[in-house]
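A.B. asks: Handing you this structure, nothing more for now.
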Amino acid sequence: AAAVAATVRGVGAGKIYAAGSGQDMMSLPETVAEIMDLSGVASPHLLYIGTATYDEQAARDTQTHAFTDAGCSVSTLDLAYANATEQEIESAVAGADIVLVSGGNTLFAVDRWNKLGVPSVLRQALDNGTVLCGGSAGGIVWFDGGHSDSMDPSSYKNPPGPLLNPNMTAEEMNAWAYVRVPGTGILPGLFCPHYDVTESNGVLRSEDFTGMLQRHTGETGIAVDNWGALVIDGDNYTVISRKGKPGSAAANGTWVANNTFGHPASWRLTINPSDGSLVRTLVPTNGLTADLFSDRRYLSPVPMLNVARAQNPDDGLPPSTPHGSWQRKAQWF
């Protein structure tokens, strides 16, 4: 990959493609073309990291087939339960023009990466000009943190996890809450993918994200609809909005809760310190990253993280059974 000047906190931060969804966006030929063009390589080599889906082959095939069809060569770095050495990780990443991170359980993936020293390798790749990309969890990971469904039992390695009733009803399985999870901190801010989507818990992400920001007022929110993406290219950014797809922006640029009345968009969100209200600003199609990102002023604690980790432990083993639940959550990859 050709080298570019890069910092790790927004301005000049190399090349990142953060989409609102994994499977939906990464399956589109136009998304693949945009990422390949961002790499500057005619036939780039793509490294797929599927830690968030526990390195399962079906998830990998779903998120990489469009890249293969477009002429990319694809390799895989399995980290969900394989203890790859630092040298093996560095070698795999160094050979890639594009690193694609899967959707799935963000908290499990980032915790696993921290154990293995992956974030520092990805930062170095960014500095060297490698495109870092992904959607859903694969978008959250590039930021300080994000609005995540990592407490959804169907996203666990062995649903419903060791602490919950194995005979839970479907209604009980869906009674989960979103949680703020950490990312790698390459970009500042809290990232919310699928901003216009209501997940299996029946809660619209955009509405829940407001409450999360009110609990984490020291941070700025960046939200991207399911059929959108935010593309960082050095000091500049571009908002991707798929034509003909639903989203949270009305024709006049205002937010709409019912995505059937809008188009895909990206939003910058802060909390007014005087009254705690949400300030939601539509991100222009193009602009400077310096105008978009702000370093957090402080970090608020997240008590539920320990609960989430206990419910989906990193036991160093592969999933005990084929992970059929991923089929149910495919639209959120």
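Naming scheme: A, B, ... for chains in displayed order of the structure tokens; residues 1 onward per chain; ligands 1 onward as shown.
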If we count only C-alpha atoms and set the cut-off at 10 Å, which residues sit around Asn272 (chain A), ignoring sequence neighbours fewer than 4 positions away in its own chain? Please answer as a PyMOL selection string.
C.D. replies: chain A and resi 214+217+276-279
A.B. asks: With DSSP run on the backbone, what are the alpha helix (DSSP H) residues within region 79-308 of chain A? I'd like them as a ChimeraX atom specification.
C.D. replies: /A:86-94,106-116,118-127,137-140,170-173,205-215,289-292,304-308
A.B. asks: Which residues are near Asp152 (chain A)? Cut-off 9 Å, only C-alpha atoms, ignore same chain within fewer than 6 positions. Put them as a short mmCIF file (atom, residue, chain, number, x, y, z; two decimals) with N, CA, C and O atoms, in the first residue's frame.
C.D. replies:
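Below you can see out.cif, which holds the result:
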data_model
loop_
_atom_site.label_atom_id
_atom_site.label_comp_id
_atom_site.auth_asym_id
_atom_site.auth_seq_id
_atom_site.Cartn_x
_atom_site.Cartn_y
_atom_site.Cartn_z
N ASN A 105 -20.44 -9.04 16.95
CA ASN A 105 -20.36 -8.61 18.34
C ASN A 105 -19.11 -7.75 18.55
O ASN A 105 -18.00 -8.27 18.68
N PRO A 160 -27.67 -18.73 24.54
CA PRO A 160 -27.75 -17.33 25.00
C PRO A 160 -26.70 -16.97 26.03
O PRO A 160 -26.89 -16.05 26.82
N MET A 173 -35.49 -13.56 24.64
CA MET A 173 -34.23 -13.36 23.93
C MET A 173 -34.12 -11.94 23.38
O MET A 173 -33.02 -11.39 23.27
N ASN A 174 -35.26 -11.35 23.06
CA ASN A 174 -35.26 -10.01 22.46
C ASN A 174 -35.33 -8.88 23.48
O ASN A 174 -35.36 -7.71 23.09
N ALA A 175 -35.32 -9.22 24.76
CA ALA A 175 -35.41 -8.18 25.80
C ALA A 175 -34.01 -7.75 26.23
O ALA A 175 -33.61 -7.87 27.38
N TRP A 176 -33.25 -7.23 25.27
CA TRP A 176 -31.87 -6.81 25.54
C TRP A 176 -31.74 -5.30 25.31
O TRP A 176 -32.60 -4.67 24.71
N ALA A 177 -30.64 -4.74 25.81
CA ALA A 177 -30.42 -3.29 25.72
C ALA A 177 -29.14 -2.98 24.96
O ALA A 177 -28.16 -3.74 25.01
N TYR A 178 -29.14 -1.86 24.27
CA TYR A 178 -27.92 -1.37 23.62
C TYR A 178 -26.91 -0.97 24.70
O TYR A 178 -27.28 -0.61 25.83
N SER A 200 -34.09 -6.18 16.89
CA SER A 200 -34.98 -7.21 17.42
C SER A 200 -35.53 -6.88 18.81
O SER A 200 -36.53 -7.46 19.23
N ASN A 201 -34.90 -5.93 19.51
CA ASN A 201 -35.42 -5.51 20.81
C ASN A 201 -36.57 -4.52 20.69
O ASN A 201 -37.12 -4.08 21.71
#
A.B. asks: With a distance cut-off of 9 Å and only C-alpha atoms, select the neighbouring residues of Ala310 (chain A), excluding the residue or stretch itself and same-chain residues fewer than 3 positions from it, and output the selection as a PyMOL selection string.
C.D. replies: chain A and resi 161-163+305-307+313-314
A.B. asks: Write down as an NGL selection string the residues of region 187-238 of chain A whose backbone DSSP state falls under strand (DSSP E).
C.D. replies: :A and (187-192 or 221-224 or 228-233 or 236-238)
A.B. asks: Output all heavy atoms for every residue in the selection just made, as a short mmCIF file (atom, residue, chain, number, x, y, z; two decimals), in the first residue's frame.
C.D. replies:
data_model
loop_
_atom_site.label_atom_id
_atom_site.label_comp_id
_atom_site.auth_asym_id
_atom_site.auth_seq_id
_atom_site.Cartn_x
_atom_site.Cartn_y
_atom_site.Cartn_z
N LEU A 187 -10.29 6.95 15.50
CA LEU A 187 -11.04 8.17 15.28
C LEU A 187 -11.77 8.56 16.56
O LEU A 187 -12.23 7.69 17.30
CB LEU A 187 -12.06 7.98 14.15
CG LEU A 187 -11.52 7.81 12.74
CD1 LEU A 187 -12.64 7.43 11.79
CD2 LEU A 187 -10.82 9.08 12.27
N PRO A 188 -11.90 9.85 16.83
CA PRO A 188 -12.63 10.28 18.03
C PRO A 188 -14.14 10.22 17.80
O PRO A 188 -14.63 10.37 16.69
CB PRO A 188 -12.17 11.72 18.21
CG PRO A 188 -11.81 12.19 16.84
CD PRO A 188 -11.29 10.99 16.11
N GLY A 189 -14.86 9.98 18.89
CA GLY A 189 -16.31 10.01 18.81
C GLY A 189 -16.97 8.68 19.08
O GLY A 189 -16.32 7.62 19.10
N LEU A 190 -18.28 8.75 19.31
CA LEU A 190 -19.12 7.56 19.46
C LEU A 190 -19.83 7.32 18.13
O LEU A 190 -20.55 8.19 17.65
CB LEU A 190 -20.15 7.76 20.56
CG LEU A 190 -19.73 7.54 22.00
CD1 LEU A 190 -20.93 7.71 22.93
CD2 LEU A 190 -19.12 6.16 22.18
N PHE A 191 -19.67 6.15 17.57
CA PHE A 191 -20.24 5.82 16.26
C PHE A 191 -21.49 4.97 16.44
O PHE A 191 -21.49 3.96 17.14
CB PHE A 191 -19.22 5.05 15.42
CG PHE A 191 -19.67 4.74 14.02
CD1 PHE A 191 -19.68 5.72 13.05
CD2 PHE A 191 -20.06 3.46 13.67
CE1 PHE A 191 -20.08 5.44 11.74
CE2 PHE A 191 -20.47 3.16 12.38
CZ PHE A 191 -20.47 4.15 11.41
N CYS A 192 -22.57 5.40 15.78
CA CYS A 192 -23.81 4.63 15.79
C CYS A 192 -24.13 4.16 14.38
O CYS A 192 -24.51 4.96 13.53
CB CYS A 192 -24.96 5.46 16.34
SG CYS A 192 -26.55 4.57 16.38
N GLY A 221 -21.28 12.34 19.04
CA GLY A 221 -21.80 11.21 18.31
C GLY A 221 -21.70 11.39 16.81
O GLY A 221 -21.92 12.48 16.28
N ILE A 222 -21.37 10.31 16.11
CA ILE A 222 -21.40 10.25 14.65
C ILE A 222 -22.30 9.09 14.29
O ILE A 222 -22.03 7.94 14.66
CB ILE A 222 -20.00 10.02 14.06
CG1 ILE A 222 -19.03 11.14 14.45
CG2 ILE A 222 -20.08 9.88 12.54
CD1 ILE A 222 -19.37 12.50 13.87
N ALA A 223 -23.41 9.37 13.61
CA ALA A 223 -24.40 8.35 13.30
C ALA A 223 -24.53 8.19 11.78
O ALA A 223 -24.53 9.17 11.04
CB ALA A 223 -25.75 8.71 13.89
N VAL A 224 -24.62 6.93 11.34
CA VAL A 224 -24.74 6.62 9.92
C VAL A 224 -25.89 5.65 9.71
O VAL A 224 -25.99 4.63 10.40
CB VAL A 224 -23.43 6.01 9.38
CG1 VAL A 224 -23.58 5.61 7.91
CG2 VAL A 224 -22.28 6.99 9.53
N GLY A 228 -25.86 3.83 4.33
CA GLY A 228 -24.93 4.94 4.15
C GLY A 228 -23.55 4.59 4.64
O GLY A 228 -23.30 3.52 5.18
N ALA A 229 -22.63 5.53 4.46
CA ALA A 229 -21.26 5.35 4.94
C ALA A 229 -20.60 6.71 5.09
O ALA A 229 -21.00 7.70 4.47
CB ALA A 229 -20.45 4.48 3.98
N LEU A 230 -19.58 6.74 5.92
CA LEU A 230 -18.73 7.91 6.09
C LEU A 230 -17.34 7.52 5.64
O LEU A 230 -16.76 6.56 6.17
CB LEU A 230 -18.72 8.36 7.55
CG LEU A 230 -17.90 9.61 7.88
CD1 LEU A 230 -18.46 10.84 7.18
CD2 LEU A 230 -17.87 9.84 9.39
N VAL A 231 -16.81 8.25 4.67
CA VAL A 231 -15.51 7.92 4.09
C VAL A 231 -14.50 8.99 4.47
O VAL A 231 -14.71 10.18 4.19
CB VAL A 231 -15.59 7.81 2.55
CG1 VAL A 231 -14.24 7.38 1.98
CG2 VAL A 231 -16.69 6.84 2.15
N ILE A 232 -13.42 8.57 5.13
CA ILE A 232 -12.34 9.47 5.51
C ILE A 232 -11.18 9.27 4.56
O ILE A 232 -10.68 8.15 4.38
CB ILE A 232 -11.87 9.18 6.95
CG1 ILE A 232 -13.05 9.17 7.92
CG2 ILE A 232 -10.82 10.20 7.39
CD1 ILE A 232 -13.86 10.42 7.97
N ASP A 233 -10.72 10.35 3.94
CA ASP A 233 -9.57 10.30 3.04
C ASP A 233 -8.65 11.46 3.39
O ASP A 233 -8.82 12.58 2.89
CB ASP A 233 -10.03 10.38 1.58
CG ASP A 233 -8.88 10.18 0.59
OD1 ASP A 233 -7.74 9.96 1.05
OD2 ASP A 233 -9.13 10.22 -0.62
N ASN A 236 -10.04 15.05 4.49
CA ASN A 236 -11.37 15.25 3.92
C ASN A 236 -12.28 14.05 4.19
O ASN A 236 -11.80 12.92 4.36
CB ASN A 236 -11.27 15.47 2.41
CG ASN A 236 -10.38 16.64 2.06
OD1 ASN A 236 -10.72 17.79 2.31
ND2 ASN A 236 -9.22 16.36 1.47
N TYR A 237 -13.58 14.31 4.19
CA TYR A 237 -14.54 13.22 4.32
C TYR A 237 -15.60 13.35 3.24
O TYR A 237 -15.82 14.41 2.66
CB TYR A 237 -15.21 13.23 5.71
CG TYR A 237 -16.22 14.34 5.90
CD1 TYR A 237 -17.52 14.25 5.39
CD2 TYR A 237 -15.88 15.51 6.58
CE1 TYR A 237 -18.43 15.27 5.55
CE2 TYR A 237 -16.79 16.55 6.75
CZ TYR A 237 -18.06 16.42 6.22
OH TYR A 237 -18.98 17.43 6.37
N THR A 238 -16.28 12.22 2.97
CA THR A 238 -17.40 12.17 2.05
C THR A 238 -18.50 11.32 2.67
O THR A 238 -18.22 10.28 3.27
CB THR A 238 -16.99 11.55 0.70
OG1 THR A 238 -15.95 12.33 0.12
CG2 THR A 238 -18.17 11.50 -0.26
#
A.B. asks: If we count only C-alpha atoms, what is near region 80-93 of chain A at a cut-off of 8 Å, once residues fewer than 3 positions away on the same chain are taken out, given as a PDB file with N, CA and C atoms, in the first residue's frame?
C.D. replies:
ATOM      1  N   LEU A  47      -7.657  -8.109   3.298  1.00  0.00           N
ATOM      2  CA  LEU A  47      -7.554  -8.963   4.476  1.00  0.00           C
ATOM      3  C   LEU A  47      -8.849  -8.854   5.249  1.00  0.00           C
ATOM      4  N   GLY A  50     -12.670 -11.468  10.832  1.00  0.00           N
ATOM      5  CA  GLY A  50     -14.034 -11.808  11.232  1.00  0.00           C
ATOM      6  C   GLY A  50     -14.187 -12.145  12.701  1.00  0.00           C
ATOM      7  N   THR A  51     -13.395 -11.501  13.553  1.00  0.00           N
ATOM      8  CA  THR A  51     -13.457 -11.797  14.990  1.00  0.00           C
ATOM      9  C   THR A  51     -14.857 -11.614  15.551  1.00  0.00           C
ATOM     10  N   ALA A  52     -15.564 -10.584  15.102  1.00  0.00           N
ATOM     11  CA  ALA A  52     -16.886 -10.269  15.651  1.00  0.00           C
ATOM     12  C   ALA A  52     -17.941 -11.307  15.297  1.00  0.00           C
ATOM     13  N   TYR A  54     -16.844 -14.543  15.093  1.00  0.00           N
ATOM     14  CA  TYR A  54     -16.174 -15.742  15.585  1.00  0.00           C
ATOM     15  C   TYR A  54     -15.518 -16.546  14.461  1.00  0.00           C
ATOM     16  N   ASP A  55     -15.030 -15.802  13.449  1.00  0.00           N
ATOM     17  CA  ASP A  55     -14.279 -16.375  12.325  1.00  0.00           C
ATOM     18  C   ASP A  55     -15.067 -17.429  11.548  1.00  0.00           C
ATOM     19  N   LEU A  77      -7.594 -13.326   8.521  1.00  0.00           N
ATOM     20  CA  LEU A  77      -6.837 -13.364   9.773  1.00  0.00           C
ATOM     21  C   LEU A  77      -7.788 -13.802  10.873  1.00  0.00           C
ATOM     22  N   ALA A  96      -1.742  -6.302   3.177  1.00  0.00           N
ATOM     23  CA  ALA A  96      -3.069  -5.926   2.691  1.00  0.00           C
ATOM     24  C   ALA A  96      -3.117  -4.488   2.205  1.00  0.00           C
ATOM     25  N   VAL A  99      -8.166  -3.609   4.687  1.00  0.00           N
ATOM     26  CA  VAL A  99      -8.551  -4.468   5.809  1.00  0.00           C
ATOM     27  C   VAL A  99     -10.048  -4.304   6.011  1.00  0.00           C
ATOM     28  N   ALA A 109     -15.019  -8.631  19.824  1.00  0.00           N
ATOM     29  CA  ALA A 109     -13.920  -8.432  18.879  1.00  0.00           C
ATOM     30  C   ALA A 109     -12.860  -7.492  19.441  1.00  0.00           C
ATOM     31  N   ARG A 112     -10.913  -8.989  22.319  1.00  0.00           N
ATOM     32  CA  ARG A 112      -9.992 -10.017  21.810  1.00  0.00           C
ATOM     33  C   ARG A 112      -8.782  -9.359  21.148  1.00  0.00           C
ATOM     34  N   LEU A 116      -4.475  -9.408  21.981  1.00  0.00           N
ATOM     35  CA  LEU A 116      -3.478  -9.837  21.002  1.00  0.00           C
ATOM     36  C   LEU A 116      -2.645  -8.699  20.430  1.00  0.00           C
ATOM     37  N   GLY A 117      -2.931  -7.466  20.814  1.00  0.00           N
ATOM     38  CA  GLY A 117      -2.155  -6.330  20.323  1.00  0.00           C
ATOM     39  C   GLY A 117      -2.515  -5.884  18.924  1.00  0.00           C
ATOM     40  N   VAL A 118      -3.743  -6.156  18.494  1.00  0.00           N
ATOM     41  CA  VAL A 118      -4.150  -5.831  17.124  1.00  0.00           C
ATOM     42  C   VAL A 118      -4.302  -4.330  16.870  1.00  0.00           C
ATOM     43  N   VAL A 121      -1.299  -2.515  15.497  1.00  0.00           N
ATOM     44  CA  VAL A 121      -0.952  -2.957  14.142  1.00  0.00           C
ATOM     45  C   VAL A 121      -1.854  -2.285  13.117  1.00  0.00           C
ATOM     46  N   LEU A 122      -3.125  -2.140  13.449  1.00  0.00           N
ATOM     47  CA  LEU A 122      -4.053  -1.469  12.534  1.00  0.00           C
ATOM     48  C   LEU A 122      -3.727   0.015  12.412  1.00  0.00           C
ATOM     49  N   ALA A 125      -0.916   0.266  10.046  1.00  0.00           N
ATOM     50  CA  ALA A 125      -1.399   0.047   8.681  1.00  0.00           C
ATOM     51  C   ALA A 125      -2.050   1.300   8.130  1.00  0.00           C
ATOM     52  N   ASP A 314     -14.790 -14.823  26.545  1.00  0.00           N
ATOM     53  CA  ASP A 314     -13.734 -15.280  25.641  1.00  0.00           C
ATOM     54  C   ASP A 314     -13.078 -16.492  26.300  1.00  0.00           C
ATOM     55  N   ASP A 315     -13.558 -17.680  25.936  1.00  0.00           N
ATOM     56  CA  ASP A 315     -13.062 -18.902  26.558  1.00  0.00           C
ATOM     57  C   ASP A 315     -11.960 -19.578  25.751  1.00  0.00           C
ATOM     58  N   GLY A 316     -11.556 -18.947  24.648  1.00  0.00           N
ATOM     59  CA  GLY A 316     -10.480 -19.506  23.841  1.00  0.00           C
ATOM     60  C   GLY A 316     -10.881 -20.690  22.990  1.00  0.00           C
ATOM     61  N   LEU A 317     -12.181 -20.949  22.887  1.00  0.00           N
ATOM     62  CA  LEU A 317     -12.671 -22.100  22.140  1.00  0.00           C
ATOM     63  C   LEU A 317     -13.559 -21.654  20.993  1.00  0.00           C
ATOM     64  N   PRO A 318     -13.678 -22.479  19.951  1.00  0.00           N
ATOM     65  CA  PRO A 318     -14.612 -22.146  18.871  1.00  0.00           C
ATOM     66  C   PRO A 318     -16.047 -22.290  19.352  1.00  0.00           C
TER      67      PRO A 318
END
